[in-house]
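This report refers to the structure that appears directly beneath it.
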2 protein chains.
Amino acid sequence: MALIVQKFGGTSVGSTEKIKAVARRVMKVQKQGNQMVVVLSAMAGETDRLVALANDIQRIPNRREMDMLLSTGEQVTIALFAMAVKEAGMEAISLLGDQVAIHTDNMHTRARIRNIDTGSIRKHLDSGKIVVIAGFQGVDDEGDITTLGRGGSDTTAVALAAALGADACEIFTDVDGVYTTDPNICRQARKIDKISYDEMLELASLGAKVLDIRSVGLAKRYRVPLHVRSTFSENEGTWVVEEDKIMESMLVSGITYNRNEARITIKKVPDQPGIAAKIFLPISDAGILVDMIIQNTREGHLTDMTFTVMRNDYARAMEILKQVAEDIGAESVTGDQSIVKVSIVGVGMRNHSGIASTMFQIMAKEGINIMMISTSEIKVSCVIAEKYAELAVRALHDAFALDKENLPVEEE
Amino acid sequence: MALIVQKFGGTSVGSTEKIKAVARRVMKVQKQGNQMVVVLSAMAGETDRLVALANDIQRIPNRREMDMLLSTGEQVTIALFAMAVKEAGMEAISLLGDQVAIHTDNMHTRARIRNIDTGSIRKHLDSGKIVVIAGFQGVDDEGDITTLGRGGSDTTAVALAAALGADACEIFTDVDGVYTTDPNICRQARKIDKISYDEMLELASLGAKVLDIRSVGLAKRYRVPLHVRSTFSENEGTWVVEEDKIMESMLVSGITYNRNEARITIKKVPDQPGIAAKIFLPISDAGILVDMIIQNTREGHLTDMTFTVMRNDYARAMEILKQVAEDIGAESVTGDQSIVKVSIVGVGMRNHSGIASTMFQIMAKEGINIMMISTSEIKVSCVIAEKYAELAVRALHDAFALDKENLPVEEE
């Protein structure tokens, strides 16, 4: 008998018909002899409806009250789901975040889970019930409802699986797994059967949207086997597991791209100690996140500083930096919003040199100029002109033969 | 400084615009130096929407899950209301039934309040906040959400006022108070300024819909001054208070009518001990409530038994009673669904004989035949043919001069 946590997102439970279908699917797995914990999101559209109501009332909605408001979305779904199971003659019970209890800090609208009581869940599981838990929400020390922010329901599911020592955490979504790259721009994209936590973390942080990075990090820390699969098919999806569970690693597992960044360069910055802080402190004080940073030495004691920010922070960042450039005596500030960051990810890189240079060669062959480069142990990212995004992704996918399963890594 | 509990129903908070308007109204009273506790219902239409979702999923929705589902309606309203207060620069906090906590028994969908913790409310009031509490809901010993059934938010408001020792409990609704009779059928109907708990209880039980009988009973028991008034005007409404707070009682305070009953007669019942039990036990076993019962002696050892049931129980009651009549050897069962119960209510009746006979005279003068009569200390009810409902109400209103304020009671 296995204990399985299954999480269904908003589109999977977007109507009463879909809720009934999902309930049938969960009951089938229970009947095969498993204990089932189900984590649900709000019905598709519901959160948007509630946010619109709040925005109608308060320009910047109070975070505590926002959590009070938004948490009703999941509450509706779990009640309806439990009814669907009961209508089919089986037993279920719905539980809210504070009923479980899922304890969080008090950072409303972006709370972090501290710990989870598993007593009531185990009691209900042992009595044969399907336990239906509201995703996205928890409770702080004051007894106030908190929500976990973006991707919150995935985080709830993985945290529950970790706390319960579940045999698997299955994330049901509208795609059937993690792909080697975006199938919308590369027809050869292939569903990955198994991928390591580290690779999935890089893919998620570099633009892949299928799993939230928080939940992957949590799954890695507690070694929760994660299964990303489709609500609308019975096919196996992608398992995200420990590296040693994957027999043959790929050199490159996946290729991602991110169009949400913009590039800013401050030219001829006097190269003195403390100059980086003078530039980046006003930026971080304004709540703007900086991604890549590159410093090029110029002639004499001058340097060029180039970095990327989220595209919707671009205008604000430029405004701040023009003042900064004047203050520190730099020559000018230039920027470019038409960029894309293309990345290749694979644990195979750890033991193989030459992956980055292969990437650069492919770019050169296609006539694509690389503006910025950033590497980690298992990824290489290049910033290029946005117009080359699809071309670069397809060329890399082809060059690293990602359309072929289990390309063996040649041991050096 | 007074402590005031104000309750607003679903139509009063039916849109974000209305929520803002109600928030302004509450803030104004707080600014006058009062501590404010606000009890809110779900936005108009929301409960119906949720019930429809449940009915789509389960033929007879599970009661625990129904409470889980329905309680979200009030949760949305209190969060939005607290945001509206904060947007206006004042302080508010929303609290759910289990956060207060409002402890109830575990009879889901019709729970009864056992006790209320007032600590957190007082703490927030003392820090200057408007405390916004979800009506209709509580929590049982298991930590499960319960709801209080019909009129639940009124009950929440009165129970809170009682527990807090509030100076007043104001029930805001879409009418501007309690009327001497239904203004829709009697243009002379007059708004009552003050009425006693006992009179209000009789009016509520006899068909007046403005206040739920449970909340009036609770207000009476804990001597909570109740103020029924309109959300959409600043006028004073009707105060429901202890009898000794009303200087001059009216002989008759109000006239109500109820079209929801049907009359059943069992003819020529053998008049033996235990015969009433044989008739009414099968009826109560079927969950059918009997209102008035009249037994007429006939010649010999035979009797006629006449009583009223709710009109939607009529068909079922007739079916049961035909079998009963056969079993006990009664002659026949006849029924009539076209009846109305018209009642006059007033504490003045206690010290005045002749009120009932005045009522009968008025009916006779209008040519209205009285089918059944029932009296209590402060009310007289007559069952008449339904077609005479409006005629009877207007004639009684006129005869007892209810259009005139403070008709003095002549001491006998």
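Lettering and numbering for the structure tokens are positional, with chains as A, B, ... in the shown order, residues counted from 1 in each chain, and ligands counted from 1 in the shown order.
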With a cut-off of 7 Å, could you pull out the residues of chain A touching chain B and give me the nearest pair of atoms for each, distance in Å to one decimal, using only C-alpha atoms, ordered by chain and ascending number, as a tab-separated table?
```
residue	atom	partner	partner_atom	distance
A:Thr16	CA	B:Ile57	CA	6.4
A:Leu53	CA	B:Thr16	CA	6.8
A:Ala54	CA	B:Leu80	CA	6.2
A:Asp56	CA	B:Thr16	CA	6.6
A:Ile57	CA	B:Ala84	CA	5.6
A:Gln58	CA	B:Glu87	CA	5.3
A:Pro61	CA	B:Met83	CA	6.4
A:Asn62	CA	B:Met83	CA	6.3
A:Glu65	CA	B:Ala79	CA	5.0
A:Met66	CA	B:Ala79	CA	6.9
A:Met68	CA	B:Ala79	CA	5.9
A:Leu69	CA	B:Val76	CA	5.1
A:Thr72	CA	B:Thr72	CA	5.4
A:Gln75	CA	B:Leu69	CA	6.6
A:Val76	CA	B:Leu69	CA	5.1
A:Ala79	CA	B:Glu65	CA	5.0
A:Leu80	CA	B:Ala54	CA	6.2
A:Ala82	CA	B:Glu65	CA	7.0
A:Met83	CA	B:Gln58	CA	5.9
A:Ala84	CA	B:Ile57	CA	5.6
A:Glu87	CA	B:Gln58	CA	5.4
A:Gln99	CA	B:Gly143	CA	6.9
A:Gly143	CA	B:Gln99	CA	6.9
```
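Here the strand (DSSP E) residues in stretch 329-359 of chain A, by DSSP on the backbone, are Ser332, Val333, Thr334, Gly335, Asp336, Ile339, Val340, Lys341, Val342, Ser343, Ile344 and Val345 of chain A.
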Superposed chain A (ref. Chain B, all C-alpha pairs in order) as a compact mmCIF listing (two decimals) with C-alpha atoms, in the first residue's frame:
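part25.txt, freshly written:
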```
# COMPACT_ATOMS: atom_id res chain seq x y z
CA MET A 1 -18.58 55.34 24.31
CA ALA A 2 -21.05 52.70 23.24
CA LEU A 3 -20.41 49.24 21.85
CA ILE A 4 -22.66 48.65 18.84
CA VAL A 5 -23.17 45.49 16.81
CA GLN A 6 -24.42 46.15 13.29
CA LYS A 7 -25.57 43.40 10.96
CA PHE A 8 -25.98 43.87 7.20
CA GLY A 9 -27.79 41.33 5.04
CA GLY A 10 -26.98 40.08 1.56
CA THR A 11 -28.74 42.82 -0.41
CA SER A 12 -26.96 45.49 1.70
CA VAL A 13 -23.56 44.06 0.64
CA GLY A 14 -24.61 42.79 -2.81
CA SER A 15 -21.86 44.57 -4.77
CA THR A 16 -18.45 46.14 -4.15
CA GLU A 17 -20.11 49.58 -4.38
CA LYS A 18 -22.63 48.64 -1.71
CA ILE A 19 -19.87 47.20 0.49
CA LYS A 20 -18.01 50.51 0.27
CA ALA A 21 -21.19 52.45 1.13
CA VAL A 22 -21.89 50.25 4.15
CA ALA A 23 -18.27 50.62 5.29
CA ARG A 24 -18.61 54.42 5.14
CA ARG A 25 -21.75 54.21 7.25
CA VAL A 26 -20.06 52.04 9.89
CA MET A 27 -16.97 54.27 10.00
CA LYS A 28 -19.17 57.31 10.57
CA VAL A 29 -20.69 55.74 13.67
CA GLN A 30 -17.24 54.73 14.91
CA LYS A 31 -15.97 58.28 14.44
CA GLN A 32 -18.79 59.45 16.70
CA GLY A 33 -16.92 57.63 19.45
CA ASN A 34 -18.36 54.12 19.37
CA GLN A 35 -16.79 50.67 19.27
CA MET A 36 -18.09 48.81 16.23
CA VAL A 37 -18.65 45.10 15.59
CA VAL A 38 -20.01 44.38 12.11
CA VAL A 39 -21.69 41.10 11.16
CA LEU A 40 -22.12 40.39 7.45
CA SER A 41 -24.02 37.96 5.28
CA ALA A 42 -22.89 36.59 1.93
CA MET A 43 -23.27 38.91 -1.05
CA ALA A 44 -26.78 38.60 -2.52
CA GLY A 45 -26.94 35.64 -4.92
CA GLU A 46 -23.76 34.01 -3.66
CA THR A 47 -25.43 31.45 -1.41
CA ASP A 48 -27.81 30.47 -4.23
CA ARG A 49 -24.82 30.05 -6.56
CA LEU A 50 -23.08 27.74 -4.09
CA VAL A 51 -26.24 25.73 -3.40
CA ALA A 52 -26.67 25.21 -7.15
CA LEU A 53 -23.09 23.88 -7.40
CA ALA A 54 -23.76 21.46 -4.55
CA ASN A 55 -27.04 20.27 -6.05
CA ASP A 56 -25.18 19.64 -9.29
CA ILE A 57 -22.94 17.20 -7.46
CA GLN A 58 -24.93 15.46 -4.74
CA ARG A 59 -28.68 14.83 -4.71
CA ILE A 60 -28.88 15.43 -0.96
CA PRO A 61 -25.70 17.34 -0.21
CA ASN A 62 -23.77 16.14 2.83
CA ARG A 63 -24.45 18.57 5.65
CA ARG A 64 -20.88 18.91 6.89
CA GLU A 65 -19.59 19.61 3.38
CA MET A 66 -22.52 21.97 2.75
CA ASP A 67 -21.36 24.04 5.73
CA MET A 68 -17.78 23.95 4.43
CA LEU A 69 -19.12 25.23 1.10
CA LEU A 70 -21.68 27.83 2.21
CA SER A 71 -19.49 29.45 4.86
CA THR A 72 -17.22 30.78 2.08
CA GLY A 73 -19.93 33.30 1.13
CA GLU A 74 -19.60 35.30 4.35
CA GLN A 75 -15.82 34.88 4.30
CA VAL A 76 -15.63 36.73 0.98
CA THR A 77 -17.78 39.61 2.26
CA ILE A 78 -15.86 40.20 5.49
CA ALA A 79 -12.51 40.26 3.68
CA LEU A 80 -13.81 42.79 1.15
CA PHE A 81 -15.40 44.89 3.88
CA ALA A 82 -12.18 45.04 5.91
CA MET A 83 -10.36 46.13 2.73
CA ALA A 84 -12.93 48.89 2.19
CA VAL A 85 -12.35 50.24 5.70
CA LYS A 86 -8.58 50.13 5.27
CA GLU A 87 -8.81 51.85 1.89
CA ALA A 88 -10.58 54.70 3.69
CA GLY A 89 -7.64 54.96 6.08
CA MET A 90 -9.19 53.35 9.14
CA GLU A 91 -8.43 50.03 10.80
CA ALA A 92 -10.44 46.83 10.53
CA ILE A 93 -9.95 43.11 10.90
CA SER A 94 -12.11 40.28 9.60
CA LEU A 95 -12.77 37.21 11.74
CA LEU A 96 -14.37 33.89 10.85
CA GLY A 97 -16.68 32.00 13.18
CA ASP A 98 -13.88 29.71 14.32
CA GLN A 99 -11.45 32.59 14.75
CA VAL A 100 -13.75 34.45 17.17
CA ALA A 101 -14.57 31.63 18.28
CA ILE A 102 -18.33 31.12 18.02
CA HIS A 103 -18.81 27.64 19.50
CA THR A 104 -21.83 25.65 18.32
CA ASP A 105 -23.19 22.15 18.58
CA ASN A 106 -22.46 19.84 15.65
CA MET A 107 -25.88 19.93 13.96
CA HIS A 108 -24.60 20.92 10.55
CA THR A 109 -26.69 23.40 8.48
CA ARG A 110 -28.82 24.26 11.57
CA ALA A 111 -26.34 24.49 14.42
CA ARG A 112 -27.06 26.29 17.68
CA ILE A 113 -24.62 28.64 19.35
CA ARG A 114 -23.34 27.37 22.72
CA ASN A 115 -20.99 30.17 23.68
CA ILE A 116 -18.78 32.86 22.25
CA ASP A 117 -15.23 33.80 23.22
CA THR A 118 -15.03 37.58 23.33
CA GLY A 119 -11.30 37.96 24.10
CA SER A 120 -10.04 38.48 20.56
CA ILE A 121 -12.93 40.81 19.66
CA ARG A 122 -12.27 42.98 22.72
CA LYS A 123 -8.55 43.07 22.00
CA HIS A 124 -9.16 44.33 18.46
CA LEU A 125 -11.86 46.79 19.56
CA ASP A 126 -9.54 48.21 22.23
CA SER A 127 -6.87 48.78 19.59
CA GLY A 128 -9.37 50.91 17.65
CA LYS A 129 -10.28 48.42 14.95
CA ILE A 130 -13.68 47.82 13.40
CA VAL A 131 -14.19 44.10 13.95
CA VAL A 132 -15.86 42.43 10.97
CA ILE A 133 -17.34 39.02 11.71
CA ALA A 134 -18.74 36.41 9.33
CA GLY A 135 -22.40 35.82 10.07
CA PHE A 136 -24.21 32.48 9.87
CA GLN A 137 -21.19 30.37 10.87
CA GLY A 138 -19.54 28.81 13.89
CA VAL A 139 -17.28 25.95 14.83
CA ASP A 140 -18.06 22.70 16.65
CA ASP A 141 -15.94 20.77 19.14
CA GLU A 142 -14.23 18.89 16.31
CA GLY A 143 -13.08 22.11 14.69
CA ASP A 144 -15.56 21.62 11.85
CA ILE A 145 -17.32 24.64 10.36
CA THR A 146 -21.04 24.77 11.14
CA THR A 147 -23.77 27.08 9.87
CA LEU A 148 -26.79 28.31 11.79
CA GLY A 149 -29.51 27.82 9.20
CA ARG A 150 -32.18 30.31 8.14
CA GLY A 151 -31.74 33.79 9.58
CA GLY A 152 -28.33 32.71 10.82
CA SER A 153 -26.60 36.05 10.46
CA ASP A 154 -29.23 37.80 12.60
CA THR A 155 -28.65 35.15 15.24
CA THR A 156 -24.88 35.70 15.05
CA ALA A 157 -25.35 39.44 15.55
CA VAL A 158 -27.67 39.12 18.54
CA ALA A 159 -25.54 36.40 20.15
CA LEU A 160 -22.43 38.59 19.76
CA ALA A 161 -24.27 41.59 21.21
CA ALA A 162 -25.34 39.44 24.16
CA ALA A 163 -21.87 38.00 24.75
CA LEU A 164 -20.24 41.43 24.50
CA GLY A 165 -22.94 43.19 26.54
CA ALA A 166 -23.37 45.57 23.60
CA ASP A 167 -25.45 48.70 24.00
CA ALA A 168 -27.41 47.90 20.85
CA CYS A 169 -27.72 45.35 18.06
CA GLU A 170 -28.77 46.98 14.82
CA ILE A 171 -30.17 44.77 12.07
CA PHE A 172 -29.93 46.55 8.72
CA THR A 173 -32.28 45.36 6.04
CA ASP A 174 -34.07 46.55 2.92
CA VAL A 175 -37.19 47.74 4.79
CA ASP A 176 -37.11 50.58 7.28
CA GLY A 177 -38.58 48.77 10.27
CA VAL A 178 -41.40 46.62 11.56
CA TYR A 179 -44.83 47.66 10.32
CA THR A 180 -48.26 47.33 11.89
CA THR A 181 -49.01 45.07 8.94
CA ASP A 182 -47.78 44.36 5.42
CA PRO A 183 -47.69 47.75 3.60
CA ASN A 184 -48.15 45.89 0.32
CA ILE A 185 -51.73 45.01 1.16
CA CYS A 186 -52.63 47.85 3.55
CA ARG A 187 -51.64 51.38 2.62
CA GLN A 188 -52.36 52.61 6.15
CA ALA A 189 -49.65 50.34 7.60
CA ARG A 190 -47.44 52.36 9.93
CA LYS A 191 -43.85 51.81 11.04
CA ILE A 192 -43.73 50.85 14.71
CA ASP A 193 -41.19 52.85 16.76
CA LYS A 194 -40.97 50.45 19.69
CA ILE A 195 -42.25 46.95 20.17
CA SER A 196 -41.74 44.40 22.94
CA TYR A 197 -39.78 41.16 22.49
CA ASP A 198 -42.93 39.09 23.10
CA GLU A 199 -44.92 40.92 20.46
CA MET A 200 -42.07 40.66 17.98
CA LEU A 201 -41.78 36.92 18.70
CA GLU A 202 -45.48 36.44 17.94
CA LEU A 203 -45.29 38.57 14.80
CA ALA A 204 -42.23 36.66 13.59
CA SER A 205 -43.79 33.27 14.28
CA LEU A 206 -47.06 34.30 12.64
CA GLY A 207 -45.60 35.38 9.33
CA ALA A 208 -43.77 38.71 9.64
CA LYS A 209 -40.51 38.19 7.75
CA VAL A 210 -38.44 41.19 8.82
CA LEU A 211 -36.70 39.44 11.74
CA ASP A 212 -35.91 35.79 12.31
CA ILE A 213 -37.69 34.39 15.36
CA ARG A 214 -34.51 32.78 16.73
CA SER A 215 -32.69 36.07 16.95
CA VAL A 216 -35.66 37.75 18.65
CA GLY A 217 -35.83 34.96 21.23
CA LEU A 218 -32.13 35.33 21.88
CA ALA A 219 -32.44 39.11 22.17
CA LYS A 220 -35.25 38.66 24.69
CA ARG A 221 -33.36 36.16 26.81
CA TYR A 222 -30.26 38.39 27.03
CA ARG A 223 -32.17 41.71 26.97
CA VAL A 224 -30.33 42.93 23.89
CA PRO A 225 -31.91 46.13 22.55
CA LEU A 226 -32.60 45.31 18.91
CA HIS A 227 -32.93 47.99 16.25
CA VAL A 228 -34.37 46.98 12.86
CA ARG A 229 -33.64 49.66 10.27
CA SER A 230 -32.92 50.35 6.61
CA THR A 231 -29.48 50.18 5.01
CA PHE A 232 -30.62 52.74 2.50
CA SER A 233 -31.83 55.54 4.78
CA GLU A 234 -30.65 57.32 7.91
CA ASN A 235 -34.10 57.14 9.55
CA GLU A 236 -34.61 55.38 12.84
CA GLY A 237 -36.27 52.02 12.40
CA THR A 238 -38.07 49.89 14.98
CA TRP A 239 -36.61 49.17 18.42
CA VAL A 240 -37.41 45.78 19.88
CA VAL A 241 -37.02 46.17 23.63
CA GLU A 242 -38.25 45.02 27.02
CA GLU A 243 -41.89 45.68 27.67
CA ASP A 244 -41.26 48.09 30.53
CA LYS A 245 -39.24 50.31 28.20
CA ILE A 246 -42.43 51.08 26.28
CA MET A 247 -44.44 53.79 28.03
CA GLU A 248 -47.78 53.28 26.38
CA SER A 249 -48.61 49.89 25.02
CA MET A 250 -50.97 49.48 22.14
CA LEU A 251 -53.95 47.18 22.52
CA VAL A 252 -52.95 45.61 19.24
CA SER A 253 -49.45 46.25 17.90
CA GLY A 254 -49.51 44.40 14.63
CA ILE A 255 -51.46 42.25 12.25
CA THR A 256 -49.86 39.40 10.31
CA TYR A 257 -51.00 36.79 7.87
CA ASN A 258 -49.55 33.50 6.72
CA ARG A 259 -50.52 31.84 3.45
CA ASN A 260 -48.20 28.89 3.86
CA GLU A 261 -50.57 26.62 5.73
CA ALA A 262 -53.17 24.08 4.70
CA ARG A 263 -56.05 22.65 6.74
CA ILE A 264 -56.86 18.97 7.18
CA THR A 265 -59.94 17.48 8.88
CA ILE A 266 -60.47 13.87 9.93
CA LYS A 267 -64.18 13.31 10.34
CA LYS A 268 -65.99 11.05 12.81
CA VAL A 269 -62.99 9.85 14.73
CA PRO A 270 -63.92 7.34 17.48
CA ASP A 271 -63.39 9.34 20.68
CA GLN A 272 -61.11 7.06 22.71
CA PRO A 273 -58.06 7.68 24.88
CA GLY A 274 -54.88 7.62 22.80
CA ILE A 275 -56.60 8.45 19.55
CA ALA A 276 -54.73 11.79 19.12
CA ALA A 277 -51.39 10.02 19.42
CA LYS A 278 -52.46 7.49 16.78
CA ILE A 279 -53.15 10.36 14.41
CA PHE A 280 -50.23 12.66 15.10
CA LEU A 281 -47.39 10.18 15.68
CA PRO A 282 -47.17 9.05 12.02
CA ILE A 283 -47.26 12.74 11.02
CA SER A 284 -44.40 13.79 13.29
CA ASP A 285 -42.45 10.65 12.37
CA ALA A 286 -42.57 11.92 8.79
CA GLY A 287 -41.01 15.21 9.93
CA ILE A 288 -44.21 17.18 9.29
CA LEU A 289 -44.90 20.08 11.66
CA VAL A 290 -48.47 20.61 12.85
CA ASP A 291 -49.48 24.14 13.80
CA MET A 292 -53.06 24.60 15.08
CA ILE A 293 -55.13 21.66 16.34
CA ILE A 294 -58.86 21.78 17.06
CA GLN A 295 -61.09 18.98 18.24
CA ASN A 296 -64.87 19.32 17.90
CA THR A 297 -67.14 16.98 19.75
CA ARG A 298 -69.85 15.44 17.64
CA GLU A 299 -72.86 13.40 18.61
CA GLY A 300 -72.11 10.22 20.56
CA HIS A 301 -68.54 9.01 20.86
CA LEU A 302 -67.36 10.58 17.65
CA THR A 303 -65.20 13.66 17.18
CA ASP A 304 -63.82 15.75 14.30
CA MET A 305 -60.11 16.54 14.40
CA THR A 306 -58.93 19.60 12.40
CA PHE A 307 -55.37 20.90 12.18
CA THR A 308 -53.01 22.83 9.92
CA VAL A 309 -49.67 21.84 8.34
CA MET A 310 -47.25 23.71 6.09
CA ARG A 311 -48.65 23.81 2.57
CA ASN A 312 -45.67 22.00 1.06
CA ASP A 313 -46.22 19.10 3.47
CA TYR A 314 -49.91 18.88 2.57
CA ALA A 315 -49.78 16.13 -0.07
CA ARG A 316 -47.58 13.91 2.08
CA ALA A 317 -49.74 14.48 5.16
CA MET A 318 -52.94 13.61 3.27
CA GLU A 319 -51.40 10.36 2.04
CA ILE A 320 -50.34 9.33 5.56
CA LEU A 321 -53.68 10.32 7.09
CA LYS A 322 -55.83 8.38 4.65
CA GLN A 323 -54.13 5.25 5.87
CA VAL A 324 -54.46 6.37 9.50
CA ALA A 325 -58.19 7.10 9.10
CA GLU A 326 -58.72 3.60 7.76
CA ASP A 327 -56.74 2.07 10.63
CA ILE A 328 -58.66 3.89 13.37
CA GLY A 329 -62.06 3.64 11.73
CA ALA A 330 -62.68 7.32 11.03
CA GLU A 331 -65.15 8.33 8.35
CA SER A 332 -63.05 10.44 6.01
CA VAL A 333 -60.16 12.87 5.55
CA THR A 334 -60.76 16.22 3.85
CA GLY A 335 -58.40 19.09 3.22
CA ASP A 336 -58.18 22.67 2.05
CA GLN A 337 -55.09 24.45 0.76
CA SER A 338 -56.80 27.80 0.10
CA ILE A 339 -56.65 29.16 3.61
CA VAL A 340 -54.84 32.00 5.33
CA LYS A 341 -54.09 32.51 9.00
CA VAL A 342 -54.67 36.13 10.07
CA SER A 343 -53.40 37.15 13.52
CA ILE A 344 -53.52 40.18 15.77
CA VAL A 345 -50.69 40.64 18.29
CA GLY A 346 -50.38 43.01 21.27
CA VAL A 347 -49.25 42.89 24.88
CA GLY A 348 -52.20 45.16 25.71
CA MET A 349 -54.43 42.08 25.37
CA ARG A 350 -53.08 40.75 28.63
CA ASN A 351 -55.07 43.26 30.63
CA HIS A 352 -58.01 43.71 28.30
CA SER A 353 -60.73 41.26 27.61
CA GLY A 354 -62.83 41.66 24.51
CA ILE A 355 -60.02 41.95 21.95
CA ALA A 356 -60.80 38.53 20.50
CA SER A 357 -64.52 39.19 20.33
CA THR A 358 -63.87 42.53 18.61
CA MET A 359 -61.88 40.62 16.03
CA PHE A 360 -64.69 38.11 15.50
CA GLN A 361 -67.22 40.95 15.14
CA ILE A 362 -65.11 42.65 12.46
CA MET A 363 -64.85 39.39 10.54
CA ALA A 364 -68.59 38.84 10.78
CA LYS A 365 -69.27 42.38 9.62
CA GLU A 366 -67.20 41.70 6.49
CA GLY A 367 -68.99 38.40 5.92
CA ILE A 368 -65.86 36.33 6.54
CA ASN A 369 -66.40 32.86 7.95
CA ILE A 370 -63.87 31.82 10.62
CA MET A 371 -62.76 28.20 10.25
CA MET A 372 -60.37 27.88 13.17
CA ILE A 373 -59.36 30.01 16.14
CA SER A 374 -56.24 29.89 18.25
CA THR A 375 -55.26 32.27 21.05
CA SER A 376 -52.35 32.97 23.35
CA GLU A 377 -51.82 35.58 26.04
CA ILE A 378 -50.91 38.25 23.48
CA LYS A 379 -52.35 37.07 20.15
CA VAL A 380 -55.46 35.83 18.43
CA SER A 381 -55.25 33.89 15.15
CA CYS A 382 -58.11 33.03 12.82
CA VAL A 383 -57.97 30.69 9.85
CA ILE A 384 -60.18 31.98 7.03
CA ALA A 385 -60.56 31.40 3.29
CA GLU A 386 -57.47 32.68 1.52
CA LYS A 387 -59.45 34.99 -0.77
CA TYR A 388 -60.37 37.16 2.23
CA ALA A 389 -56.74 37.74 3.34
CA GLU A 390 -56.36 41.36 2.22
CA LEU A 391 -59.91 42.30 3.18
CA ALA A 392 -59.47 40.92 6.71
CA VAL A 393 -56.08 42.56 7.26
CA ARG A 394 -57.34 45.98 6.14
CA ALA A 395 -60.53 45.75 8.18
CA LEU A 396 -58.66 44.77 11.35
CA HIS A 397 -55.98 47.44 10.80
CA ASP A 398 -58.73 50.01 10.50
CA ALA A 399 -60.84 48.76 13.41
CA PHE A 400 -57.91 48.71 15.84
CA ALA A 401 -56.75 52.13 14.55
CA LEU A 402 -53.20 50.92 13.92
CA ASP A 403 -52.58 53.83 11.57
CA LYS A 404 -52.62 56.13 14.64
CA GLU A 405 -49.58 56.35 16.83
CA ASN A 406 -49.88 55.65 20.54
CA LEU A 407 -53.55 54.97 20.77
CA PRO A 408 -53.82 54.98 24.55
CA VAL A 409 -54.89 51.83 26.28
CA GLU A 410 -57.92 52.63 28.41
CA GLU A 411 -57.31 51.11 31.80
CA GLU A 412 -60.23 48.95 32.80
```
- [ ] Using DSSP on the backbone, list every residue of stretch 26-117 of chain B that comes out as helix (DSSP H, G or I), and give them as number ranges by chain.
- [x] B: 26-31, 46-57, 63-87, 97-100
For C-alpha atoms, I'd like the residues from the last selection saved as a tab-separated table (two decimals), in the first residue's frame.
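Ended up saving to again06.tsv:
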```
chain	number	residue	atom	x	y	z
B	26	VAL	CA	-20.15	52.12	9.97
B	27	MET	CA	-17.09	54.38	10.12
B	28	LYS	CA	-19.33	57.38	10.70
B	29	VAL	CA	-20.84	55.76	13.77
B	30	GLN	CA	-17.39	54.77	15.02
B	31	LYS	CA	-16.16	58.35	14.60
B	46	GLU	CA	-23.44	34.13	-3.73
B	47	THR	CA	-25.09	31.51	-1.51
B	48	ASP	CA	-27.42	30.52	-4.35
B	49	ARG	CA	-24.43	30.16	-6.67
B	50	LEU	CA	-22.65	27.87	-4.22
B	51	VAL	CA	-25.78	25.79	-3.56
B	52	ALA	CA	-26.16	25.29	-7.32
B	53	LEU	CA	-22.56	24.03	-7.57
B	54	ALA	CA	-23.19	21.57	-4.74
B	55	ASN	CA	-26.43	20.33	-6.28
B	56	ASP	CA	-24.54	19.78	-9.51
B	57	ILE	CA	-22.27	17.35	-7.70
B	63	ARG	CA	-23.92	18.57	5.43
B	64	ARG	CA	-20.37	18.96	6.70
B	65	GLU	CA	-19.07	19.73	3.21
B	66	MET	CA	-22.03	22.04	2.58
B	67	ASP	CA	-20.94	24.11	5.58
B	68	MET	CA	-17.36	24.09	4.30
B	69	LEU	CA	-18.69	25.40	0.99
B	70	LEU	CA	-21.32	27.93	2.10
B	71	SER	CA	-19.17	29.56	4.77
B	72	THR	CA	-16.92	30.97	2.02
B	73	GLY	CA	-19.67	33.44	1.08
B	74	GLU	CA	-19.39	35.42	4.31
B	75	GLN	CA	-15.61	35.08	4.28
B	76	VAL	CA	-15.42	36.97	0.98
B	77	THR	CA	-17.64	39.77	2.27
B	78	ILE	CA	-15.75	40.38	5.52
B	79	ALA	CA	-12.39	40.52	3.74
B	80	LEU	CA	-13.70	43.05	1.21
B	81	PHE	CA	-15.36	45.09	3.95
B	82	ALA	CA	-12.15	45.27	6.00
B	83	MET	CA	-10.32	46.43	2.83
B	84	ALA	CA	-12.94	49.16	2.31
B	85	VAL	CA	-12.41	50.48	5.83
B	86	LYS	CA	-8.63	50.42	5.42
B	87	GLU	CA	-8.86	52.18	2.05
B	97	GLY	CA	-16.50	32.10	13.14
B	98	ASP	CA	-13.66	29.85	14.27
B	99	GLN	CA	-11.28	32.76	14.75
B	100	VAL	CA	-13.63	34.58	17.15
```
